$ cat run.txt   # compact mmCIF, C-alpha atoms and all ligand atoms
# COMPACT_ATOMS: atom_id res chain seq x y z
CA MET A 1 26.99 -3.98 12.46
CA ILE A 2 26.25 -0.35 11.53
CA LEU A 3 28.32 0.74 8.51
CA LYS A 4 28.63 4.35 7.55
CA ASN A 5 27.82 5.69 4.13
CA SER A 6 30.72 4.96 1.74
CA LYS A 7 31.18 3.29 -1.61
CA GLU A 8 33.00 0.33 -0.03
CA ASN A 9 30.21 -0.26 2.46
CA ILE A 10 27.50 -0.10 -0.20
CA ASP A 11 29.58 -2.61 -2.22
CA LYS A 12 29.65 -4.90 0.82
CA ALA A 13 25.87 -4.67 1.12
CA VAL A 14 25.48 -5.42 -2.60
CA ALA A 15 27.69 -8.52 -2.26
CA GLU A 16 25.59 -9.69 0.69
CA ILE A 17 22.36 -9.31 -1.30
CA ILE A 18 23.78 -11.03 -4.37
CA ALA A 19 24.89 -13.90 -2.08
CA GLY A 20 21.24 -14.34 -1.02
CA ASN A 21 21.48 -12.69 2.39
CA ILE A 22 19.65 -9.80 4.06
CA VAL A 23 20.87 -6.25 4.79
CA ALA A 24 19.25 -3.27 6.49
CA PHE A 25 19.31 0.01 4.55
CA PRO A 26 17.91 3.52 4.90
CA THR A 27 14.96 4.82 2.93
CA GLU A 28 13.18 8.17 3.26
CA THR A 29 10.15 6.45 4.90
CA VAL A 30 11.67 4.03 7.42
CA TYR A 31 14.69 1.68 7.37
CA GLY A 32 14.15 -1.49 5.31
CA LEU A 33 15.30 -5.08 5.72
CA GLY A 34 16.15 -6.09 2.18
CA ALA A 35 16.88 -9.18 0.12
CA ASN A 36 16.96 -10.07 -3.57
CA GLY A 37 13.25 -9.93 -4.37
CA LEU A 38 13.52 -12.55 -7.11
CA ASN A 39 15.18 -15.14 -4.85
CA PRO A 40 12.56 -16.90 -2.67
CA THR A 41 15.13 -18.38 -0.28
CA ALA A 42 16.67 -14.97 0.34
CA VAL A 43 13.22 -13.44 0.87
CA ALA A 44 12.39 -16.18 3.40
CA LYS A 45 15.27 -14.88 5.54
CA ILE A 46 13.43 -11.55 5.91
CA PHE A 47 10.33 -13.28 7.30
CA GLU A 48 12.50 -15.32 9.65
CA ALA A 49 14.52 -12.37 10.98
CA LYS A 50 11.44 -10.21 11.57
CA GLN A 51 9.23 -13.07 12.75
CA ARG A 52 6.75 -11.75 10.25
CA PRO A 53 3.72 -13.92 9.39
CA SER A 54 3.97 -15.26 5.85
CA PHE A 55 0.49 -13.97 4.92
CA ASN A 56 1.88 -10.45 5.04
CA PRO A 57 3.26 -9.47 1.59
CA LEU A 58 6.39 -7.37 0.99
CA ILE A 59 7.14 -4.32 -1.14
CA LEU A 60 9.60 -4.62 -4.04
CA HIS A 61 11.94 -1.62 -4.22
CA ILE A 62 13.16 -0.60 -7.67
CA SER A 63 15.38 2.09 -9.14
CA SER A 64 14.07 2.40 -12.72
CA ARG A 65 10.88 2.27 -14.74
CA ASP A 66 12.25 -0.56 -16.89
CA GLN A 67 12.37 -2.67 -13.74
CA LEU A 68 8.68 -1.93 -13.12
CA LYS A 69 7.73 -3.30 -16.55
CA GLU A 70 9.54 -6.56 -15.80
CA LEU A 71 7.48 -7.07 -12.64
CA VAL A 72 3.92 -5.95 -13.40
CA ASN A 73 1.24 -5.52 -16.06
CA ILE A 74 0.06 -1.94 -16.40
CA GLU A 75 -3.62 -1.88 -17.42
CA ASN A 76 -4.57 1.62 -16.32
CA ASN A 77 -2.95 4.86 -17.46
CA LYS A 78 -3.41 6.39 -14.01
CA VAL A 79 -0.32 4.38 -13.03
CA TYR A 80 1.84 6.61 -15.22
CA LYS A 81 0.27 9.75 -13.78
CA LEU A 82 0.99 8.57 -10.24
CA ILE A 83 4.55 7.58 -11.07
CA ASP A 84 5.26 10.83 -12.90
CA THR A 85 4.12 12.81 -9.86
CA PHE A 86 5.33 10.79 -6.87
CA TRP A 87 8.30 8.61 -7.89
CA PRO A 88 10.92 8.43 -6.57
CA GLY A 89 9.13 8.86 -3.22
CA PRO A 90 6.91 7.41 -0.51
CA LEU A 91 4.19 5.93 -2.76
CA THR A 92 3.76 2.16 -3.22
CA LEU A 93 1.66 0.81 -6.08
CA VAL A 94 -0.09 -2.56 -5.92
CA LEU A 95 -0.41 -3.91 -9.46
CA PRO A 96 -1.07 -7.24 -11.24
CA LYS A 97 2.16 -9.24 -11.01
CA LYS A 98 4.07 -11.04 -13.72
CA GLU A 99 5.22 -14.67 -13.45
CA ILE A 100 8.78 -13.67 -12.45
CA VAL A 101 7.64 -12.38 -9.00
CA PRO A 102 7.86 -15.19 -6.41
CA ASP A 103 4.76 -16.07 -4.38
CA ILE A 104 6.59 -15.55 -1.11
CA VAL A 105 6.87 -11.82 -1.94
CA THR A 106 3.14 -11.40 -2.60
CA ALA A 107 1.86 -13.90 0.01
CA GLY A 108 0.24 -15.76 -2.86
CA ASN A 109 -1.62 -12.69 -4.17
CA PRO A 110 -1.95 -12.12 -7.93
CA THR A 111 -0.77 -8.55 -7.25
CA VAL A 112 2.59 -7.17 -6.11
CA ALA A 113 3.48 -3.97 -4.25
CA VAL A 114 6.27 -1.86 -5.87
CA ARG A 115 7.98 1.38 -4.86
CA MET A 116 10.85 3.54 -6.14
CA PRO A 117 12.51 5.09 -3.07
CA GLN A 118 14.08 8.53 -3.03
CA HIS A 119 16.85 8.02 -0.47
CA PRO A 120 20.27 8.22 -2.24
CA ILE A 121 21.67 5.15 -0.44
CA ALA A 122 18.59 3.05 -1.24
CA LYS A 123 18.81 4.16 -4.87
CA ARG A 124 22.49 3.29 -5.16
CA LEU A 125 22.01 -0.07 -3.47
CA ILE A 126 19.13 -1.14 -5.72
CA GLU A 127 20.86 0.08 -8.85
CA ALA A 128 24.12 -1.71 -8.02
CA CYS A 129 22.29 -4.97 -7.23
CA GLY A 130 20.45 -4.82 -10.54
CA LYS A 131 17.52 -6.61 -8.86
CA PRO A 132 14.34 -5.47 -7.18
CA ILE A 133 14.89 -5.52 -3.43
CA ALA A 134 12.08 -6.95 -1.33
CA ALA A 135 11.93 -5.06 1.93
CA PRO A 136 9.56 -4.52 4.82
CA SER A 137 10.50 -2.24 7.71
CA ALA A 138 13.67 -3.39 9.53
CA ASN A 139 12.06 -4.11 12.89
CA GLN A 140 10.63 -7.06 14.76
CA PHE A 141 7.12 -7.71 13.51
CA GLY A 142 4.53 -5.55 15.28
CA LEU A 143 6.98 -3.29 17.14
CA LEU A 144 8.03 0.31 16.45
CA SER A 145 9.32 1.03 12.94
CA PRO A 146 12.97 2.14 12.69
CA THR A 147 13.93 5.59 11.46
CA THR A 148 17.64 5.41 12.34
CA ALA A 149 20.37 2.75 12.00
CA GLU A 150 20.50 2.55 15.83
CA HIS A 151 16.80 1.63 15.96
CA VAL A 152 17.52 -1.29 13.61
CA GLU A 153 20.48 -2.41 15.69
CA LYS A 154 18.36 -2.36 18.86
CA GLN A 155 15.77 -4.78 17.43
CA LEU A 156 17.61 -6.83 14.81
CA GLY A 157 21.32 -6.32 15.57
CA ASP A 158 21.88 -10.05 16.11
CA LYS A 159 20.01 -11.07 12.95
CA VAL A 160 21.53 -8.88 10.25
CA ASN A 161 25.24 -8.47 9.43
CA ILE A 162 25.06 -5.12 7.67
CA ILE A 163 23.06 -2.04 8.65
CA LEU A 164 23.83 0.84 6.27
CA ASP A 165 23.62 4.18 8.05
CA GLY A 166 21.84 6.94 6.16
CA GLY A 167 20.88 9.21 9.06
CA LYS A 168 17.34 9.83 10.25
CA SER A 169 14.61 9.00 7.71
CA ASP A 170 13.07 12.28 6.71
CA VAL A 171 9.51 11.18 5.97
CA GLY A 172 9.47 8.99 9.07
CA VAL A 173 6.29 6.98 8.37
CA GLU A 174 5.77 4.14 5.90
CA SER A 175 4.80 4.69 2.27
CA THR A 176 1.24 5.31 1.18
CA ILE A 177 -0.08 2.19 -0.55
CA VAL A 178 -2.39 2.51 -3.55
CA GLU A 179 -3.86 -0.37 -5.56
CA VAL A 180 -4.58 0.32 -9.20
CA THR A 181 -6.89 -2.11 -10.98
CA GLU A 182 -8.10 -1.88 -14.59
CA ASN A 183 -10.68 0.76 -13.74
CA LYS A 184 -10.30 1.73 -10.10
CA VAL A 185 -7.75 3.34 -7.74
CA TRP A 186 -7.86 2.35 -4.08
CA LEU A 187 -5.96 3.70 -1.11
CA LEU A 188 -4.92 0.71 1.07
CA ARG A 189 -2.65 2.39 3.62
CA HIS A 190 -2.12 6.01 4.63
CA GLY A 191 1.52 7.10 4.62
CA GLY A 192 4.12 9.56 3.35
CA ILE A 193 1.97 10.92 0.47
CA SER A 194 -1.24 12.40 1.84
CA PHE A 195 -4.73 11.56 0.59
CA GLU A 196 -5.13 15.21 -0.47
CA GLN A 197 -1.98 14.98 -2.61
CA LEU A 198 -3.30 11.81 -4.26
CA LYS A 199 -6.70 13.36 -4.90
CA GLU A 200 -5.07 16.17 -6.84
CA VAL A 201 -3.68 13.63 -9.30
CA CYS A 202 -6.46 11.00 -9.22
CA ASN A 203 -9.72 12.48 -8.05
CA SER A 204 -11.58 9.18 -8.33
CA ILE A 205 -9.46 7.50 -5.64
CA GLU A 206 -11.38 5.71 -2.86
CA ILE A 207 -10.31 4.49 0.55
CA LYS A 208 -10.69 0.73 1.03
CA GLU A 209 -12.16 0.37 4.50
CA VAL A 210 -10.88 -2.56 6.48
CA ASP A 211 -12.93 -5.06 8.39
CA PHE A 212 -10.33 -6.36 10.84
CA ASN A 213 -12.13 -9.68 11.06
CA LYS A 214 -11.99 -10.07 7.30
CA PRO A 215 -9.06 -8.00 5.95
CA ASN A 216 -9.38 -7.25 2.25
CA ALA A 217 -5.62 -7.06 1.87
CA PRO A 218 -2.99 -8.82 3.95
CA GLY A 219 -1.13 -6.67 6.43
CA GLN A 220 -4.08 -4.53 7.49
CA LEU A 221 -3.82 -5.67 11.07
CA PHE A 222 -5.69 -4.45 14.13
CA HIS A 223 -2.53 -3.74 16.09
CA HIS A 224 0.91 -2.85 14.80
CA TYR A 225 3.75 -0.29 15.24
CA ALA A 226 3.60 -0.66 19.04
CA PRO A 227 6.11 0.36 21.69
CA LYS A 228 7.02 -2.33 24.23
CA ILE A 229 5.35 -0.42 27.03
CA PRO A 230 1.59 0.27 27.25
CA MET A 231 0.42 3.26 25.25
CA LYS A 232 -2.93 5.03 25.47
CA PHE A 233 -4.63 8.18 24.28
CA ILE A 234 -4.91 10.76 27.07
CA SER A 235 -8.71 10.77 26.78
CA GLU A 236 -8.80 7.05 27.64
CA ILE A 237 -7.17 7.21 31.08
CA LEU A 238 -9.33 5.81 33.87
CA PRO A 239 -9.58 7.46 37.30
CA ASN A 240 -6.49 6.69 39.46
CA GLU A 241 -4.95 4.72 36.61
CA LEU A 242 -1.73 6.74 36.77
CA ASP A 243 -1.27 6.45 40.55
CA GLY A 244 2.30 5.47 41.42
CA LYS A 245 3.24 5.15 37.74
CA LYS A 246 6.09 6.66 35.77
CA VAL A 247 4.24 8.34 32.93
CA GLY A 248 5.61 9.47 29.57
CA GLY A 249 3.86 11.92 27.26
CA LEU A 250 3.83 12.37 23.50
CA PHE A 251 2.31 15.68 22.44
CA PHE A 252 1.95 17.39 19.10
CA GLN A 253 3.16 20.89 19.96
CA LYS A 254 2.76 21.53 23.70
CA ASN A 255 1.61 19.87 26.91
CA THR A 256 -2.12 20.45 27.18
CA THR A 257 -2.63 18.65 30.53
CA GLU A 258 -1.89 18.93 34.27
CA ILE A 259 -0.51 15.39 34.41
CA ASN A 260 2.77 14.82 36.21
CA PHE A 261 5.01 13.37 33.49
CA SER A 262 8.45 11.82 34.04
CA HIS A 263 9.37 12.47 30.42
CA ILE A 264 7.73 14.34 27.54
CA GLU A 265 8.41 14.44 23.80
CA PHE A 266 6.90 16.80 21.24
CA LEU A 267 6.26 15.86 17.60
CA SER A 268 6.71 19.39 16.30
CA VAL A 269 7.17 22.44 18.49
CA ALA A 270 6.64 24.51 15.35
CA GLY A 271 3.31 22.77 14.73
CA ASP A 272 4.34 21.31 11.36
CA MET A 273 2.58 18.03 10.47
CA ARG A 274 5.40 16.77 8.19
CA GLU A 275 7.95 17.35 10.94
CA ALA A 276 5.59 15.56 13.33
CA ALA A 277 5.49 12.49 11.04
CA ALA A 278 9.29 12.51 10.77
CA ASN A 279 9.55 12.52 14.58
CA LEU A 280 6.78 10.01 15.35
CA PHE A 281 8.70 6.73 15.58
CA PHE A 282 11.88 8.54 16.60
CA ASN A 283 10.16 9.97 19.70
CA LEU A 284 8.38 6.70 20.52
CA HIS A 285 11.75 4.90 20.40
CA LYS A 286 13.11 7.52 22.78
CA LEU A 287 10.17 7.13 25.17
CA GLU A 288 10.62 3.36 25.05
CA THR A 289 14.06 3.74 26.61
CA LYS A 290 12.98 6.00 29.52
CA ASN A 291 11.90 3.28 31.98
CA LEU A 292 8.27 4.33 31.91
CA ASP A 293 5.19 2.36 32.96
CA ILE A 294 2.89 3.95 30.41
CA ILE A 295 3.01 6.37 27.47
CA LEU A 296 0.13 8.80 26.99
CA VAL A 297 -0.40 10.34 23.59
CA GLU A 298 -2.36 13.30 22.38
CA PRO A 299 -4.32 12.72 19.16
CA VAL A 300 -3.27 14.89 16.21
CA ASN A 301 -5.52 16.67 13.75
CA LYS A 302 -6.53 14.21 10.99
CA LYS A 303 -5.42 16.41 8.11
CA GLY A 304 -2.61 15.81 5.60
CA MET A 305 0.07 13.66 7.23
CA GLY A 306 -2.03 13.72 10.41
CA ILE A 307 -4.11 10.85 8.99
CA ALA A 308 -1.03 8.61 8.65
CA ILE A 309 0.17 9.62 12.12
CA MET A 310 -3.19 8.79 13.71
CA ASP A 311 -3.32 5.47 11.86
CA ARG A 312 0.01 4.49 13.54
CA LEU A 313 -1.01 5.79 16.97
CA VAL A 314 -4.38 4.01 16.94
CA LYS A 315 -2.82 0.71 15.83
CA ALA A 316 -0.06 1.00 18.42
CA SER A 317 -2.53 1.69 21.24
CA ASN A 318 -4.76 -1.18 20.04
CA ARG A 319 -2.06 -3.58 21.21
CA TYR A 320 -2.90 -2.61 24.78
CA ARG A 321 -6.69 -2.71 24.51
P1 LIG A 401 5.56 -2.83 5.00
O1 LIG A 401 4.87 -3.68 6.04
O2 LIG A 401 5.64 -1.39 5.33
O3 LIG A 401 6.78 -3.41 4.47
O4 LIG A 401 4.59 -2.82 3.74
C1 LIG A 401 4.11 -3.98 3.24
C2 LIG A 401 2.65 -3.83 3.25
O5 LIG A 401 2.21 -3.60 1.94
C3 LIG A 401 1.90 -5.07 3.66
O6 LIG A 401 1.81 -5.18 5.03
C4 LIG A 401 0.56 -4.88 2.97
O7 LIG A 401 -0.29 -4.08 3.75
C5 LIG A 401 0.92 -4.11 1.75
N1 LIG A 401 0.97 -4.96 0.57
C6 LIG A 401 2.06 -5.48 0.02
N2 LIG A 401 1.74 -6.22 -1.05
C7 LIG A 401 0.41 -6.15 -1.18
C8 LIG A 401 -0.52 -6.69 -2.10
N3 LIG A 401 -0.15 -7.47 -3.11
N4 LIG A 401 -1.82 -6.40 -1.91
C9 LIG A 401 -2.20 -5.62 -0.91
N5 LIG A 401 -1.37 -5.07 0.01
C10 LIG A 401 -0.08 -5.32 -0.14
MG MG A 402 6.45 -2.61 9.00

$ encode --input "run.txt" --output "structure tokens"
Amino acid sequence: MILKNSKENIDKAVAEIIAGNIVAFPTETVYGLGANGLNPTAVAKIFEAKQRPSFNPLILHISSRDQLKELVNIENNKVYKLIDTFWPGPLTLVLPKKEIVPDIVTAGNPTVAVRMPQHPIAKRLIEACGKPIAAPSANQFGLLSPTTAEHVEKQLGDKVNIILDGGKSDVGVESTIVEVTENKVWLLRHGGISFEQLKEVCNSIEIKEVDFNKPNAPGQLFHHYAPKIPMKFISEILPNELDGKKVGGLFFQKNTTEINFSHIEFLSVAGDMREAAANLFFNLHKLETKNLDIILVEPVNKKGMGIAIMDRLVKASNRYR
């Protein structure tokens, strides 16, 4: 059930988490499906509800720096620089874990992913629970990520008792994931903090390229984030492929084609890449409900948040390759 933002409703969600159950809650990136991150049985309920493979580790969400020290060993001072600049916010750090972190959270890895979210409801929830909250996105594994409470209800409404409503997520794509080892900083996933922003703080950061046949970190899958109807880049359409089909379009700023669309959405009429990211999943959810046969997307410029947007669009279209 969707519950609106109030103290009583946050208290209900806290009680549910303390009792070892799962709740959906808003963050500035996407909505999360959370459980007590130190309780393996509670965390198992997340995997079950999402039908998420157990080799895919979760992010622990915290509300204070003291909590971070309980969970990880910090061996590189760049961690403090990154935290000072980007927390609370859409940056996840992968760091060597302490004993207290259950294996189910890390998929057996010696490292754990941790983030301090910025959204006021997420902050209040984590603080009131007094525990790190393990949370992936609150969707069925592999499908579109949720950026509103209604999106969560559509996919997981029968699996979760409480969905806290915090409005539309304003970053709209997942967090950027960075692994910090003793002497290296790696970017593992593009997201709400751009590579350029990271470079300003840590100029030695490198992108870990993924071999899909041999992923170097769990969760770097070939296809992900996909709508339930086929999706393709406009440049990939074959001759006559659209004949007799109801076609949807997702454009950055304006329609650049002669195609006869049944429905079109724009990521940012003003041409703003951050607004585009915030609208990405929101618009794909909308297109998913329009009874279309296919969704055609226009690639965006791979600059700033455009890199994270393209990462989602490529992975979503890979499902239909
Ligand atoms: P999400 O799927 O958005 O909840 O984010 C979780 C993602 O974080 C996973 O799919 C992995 O890509 C990444 N992740 C979490 N923990 C680790 C870890 N210990 N090492 C590498 N990547 C991780
Ligand atoms: Mg996800």

$ residues_near_ligand --input "run.txt" --ligand "ligand MG 402 (chain A)" --cutoff "9 Å" --atoms "all atoms listed in the file" --output "ChimeraX atom specification"
/A:30,32,136-146,174,219,224-225

$ residues_near_ligand --input "run.txt" --ligand "ligand LIG 401 (chain A)" --cutoff "7 Å" --atoms "all atoms listed in the file" --output "number ranges by chain"
A: 56-59, 94, 106, 109-113, 135-137, 174-175, 177, 188-189, 217-220

$ atom_distance --input "run.txt" --atom1 "CA of Lys302 in chain A" --atom2 "CA of Val201 in chain A"
20.5 Å

$ closest_residue --input "run.txt" --among "A:Gly167, A:Pro40, A:Gly130, A:Pro117" --to "Val101 in chain A" --atoms "all atoms listed in the file"
A:Pro40

$ residues_near_point --input "run.txt" --point "(14.1, -16.7, -5.9)" --cutoff "10 Å" --atoms "all atoms listed in the file" --output "ChimeraX atom specification"
/A:20,36-44,100-105

$ closest_residue --input "run.txt" --among "A:Ile193, A:Pro239, A:Phe25, A:Lys69" --to "Leu3 in chain A" --atoms "only C-alpha atoms"
A:Phe25

$ atom_distance --input "run.txt" --atom1 "CA of Gly306 in chain A" --atom2 "CA of Pro227 in chain A"
19.3 Å

$ closest_residue --input "run.txt" --among "A:Ile205, A:Ile237, A:Ala149, A:Met273" --to "Arg321 in chain A" --atoms "all atoms listed in the file"
A:Ile237

$ residues_around --input "run.txt" --residues "Gly248 in chain A" --least-positions-apart "5" --cutoff "8 Å" --atoms "all atoms listed in the file" --output "number ranges by chain"
A: 261-264, 287, 292-296

$ write_last_selection --input "run.txt" --atoms "C-alpha atoms" --output "PDB file, keeping the file's coordinate frame"
ATOM      1  CA  PHE A 261       5.010  13.370  33.490  1.00  0.00           C
ATOM      2  CA  SER A 262       8.450  11.820  34.040  1.00  0.00           C
ATOM      3  CA  HIS A 263       9.370  12.470  30.420  1.00  0.00           C
ATOM      4  CA  ILE A 264       7.730  14.340  27.540  1.00  0.00           C
ATOM      5  CA  LEU A 287      10.170   7.130  25.170  1.00  0.00           C
ATOM      6  CA  LEU A 292       8.270   4.330  31.910  1.00  0.00           C
ATOM      7  CA  ASP A 293       5.190   2.360  32.960  1.00  0.00           C
ATOM      8  CA  ILE A 294       2.890   3.950  30.410  1.00  0.00           C
ATOM      9  CA  ILE A 295       3.010   6.370  27.470  1.00  0.00           C
ATOM     10  CA  LEU A 296       0.130   8.800  26.990  1.00  0.00           C
TER      11      LEU A 296
END

$ atom_distance --input "run.txt" --atom1 "CA of Met310 in chain A" --atom2 "CA of Thr29 in chain A"
16.2 Å

$ closest_residue --input "run.txt" --among "A:Ala107, A:Ala35, A:Val297, A:Val180" --to "Val72 in chain A" --atoms "only C-alpha atoms"
A:Val180

$ residues_around --input "run.txt" --residues "Thr85 in chain A" --least-positions-apart "2" --cutoff "12 Å" --atoms "all atoms listed in the file" --output "JSON list (two decimals) with C-alpha atoms, keeping the file's coordinate frame"
[["chain", "number", "residue", "atom", "x", "y", "z"],
["A", 78, "LYS", "CA", -3.41, 6.39, -14.01],
["A", 79, "VAL", "CA", -0.32, 4.38, -13.03],
["A", 80, "TYR", "CA", 1.84, 6.61, -15.22],
["A", 81, "LYS", "CA", 0.27, 9.75, -13.78],
["A", 82, "LEU", "CA", 0.99, 8.57, -10.24],
["A", 83, "ILE", "CA", 4.55, 7.58, -11.07],
["A", 87, "TRP", "CA", 8.30, 8.61, -7.89],
["A", 88, "PRO", "CA", 10.92, 8.43, -6.57],
["A", 89, "GLY", "CA", 9.13, 8.86, -3.22],
["A", 90, "PRO", "CA", 6.91, 7.41, -0.51],
["A", 91, "LEU", "CA", 4.19, 5.93, -2.76],
["A", 193, "ILE", "CA", 1.97, 10.92, 0.47],
["A", 197, "GLN", "CA", -1.98, 14.98, -2.61],
["A", 198, "LEU", "CA", -3.30, 11.81, -4.26],
["A", 199, "LYS", "CA", -6.70, 13.36, -4.90],
["A", 200, "GLU", "CA", -5.07, 16.17, -6.84],
["A", 201, "VAL", "CA", -3.68, 13.63, -9.30],
["A", 202, "CYS", "CA", -6.46, 11.00, -9.22]]

$ closest_residue --input "run.txt" --among "A:Ser194, A:Thr257, A:Thr148, A:Ser317" --to "Lys228 in chain A" --atoms "only C-alpha atoms"
A:Ser317

$ closest_residue --input "run.txt" --among "A:Gln253, A:Asn318, A:Ile259, A:Gly244" --to "Met231 in chain A" --atoms "only C-alpha atoms"
A:Asn318

$ axis_aligned_box --input "run.txt" --around "range 113-132 of chain A" --padding-each-side "4 Å" --output "AutoDock Vina command-line options"
--center_x 13.8 --center_y 1.0 --center_z -5.5 --size_x 28.6 --size_y 23.1 --size_z 18.1

$ residues_near_point --input "run.txt" --point "(15.6, 7.5, 22.7)" --cutoff "12 Å" --atoms "all atoms listed in the file" --output "PyMOL selection string"
chain A and resi 146-148+150-151+154+227+263-265+279-291

$ residues_around --input "run.txt" --residues "Ile2 in chain A" --least-positions-apart "6" --cutoff "12 Å" --atoms "only C-alpha atoms" --output "PyMOL selection string"
chain A and resi 9-10+13+23-26+148-154+156-158+160-167

$ residues_around --input "run.txt" --residues "Asn301 in chain A" --least-positions-apart "6" --cutoff "12 Å" --atoms "all atoms listed in the file" --output "PyMOL selection string"
chain A and resi 251-253+271-273+276+307-311
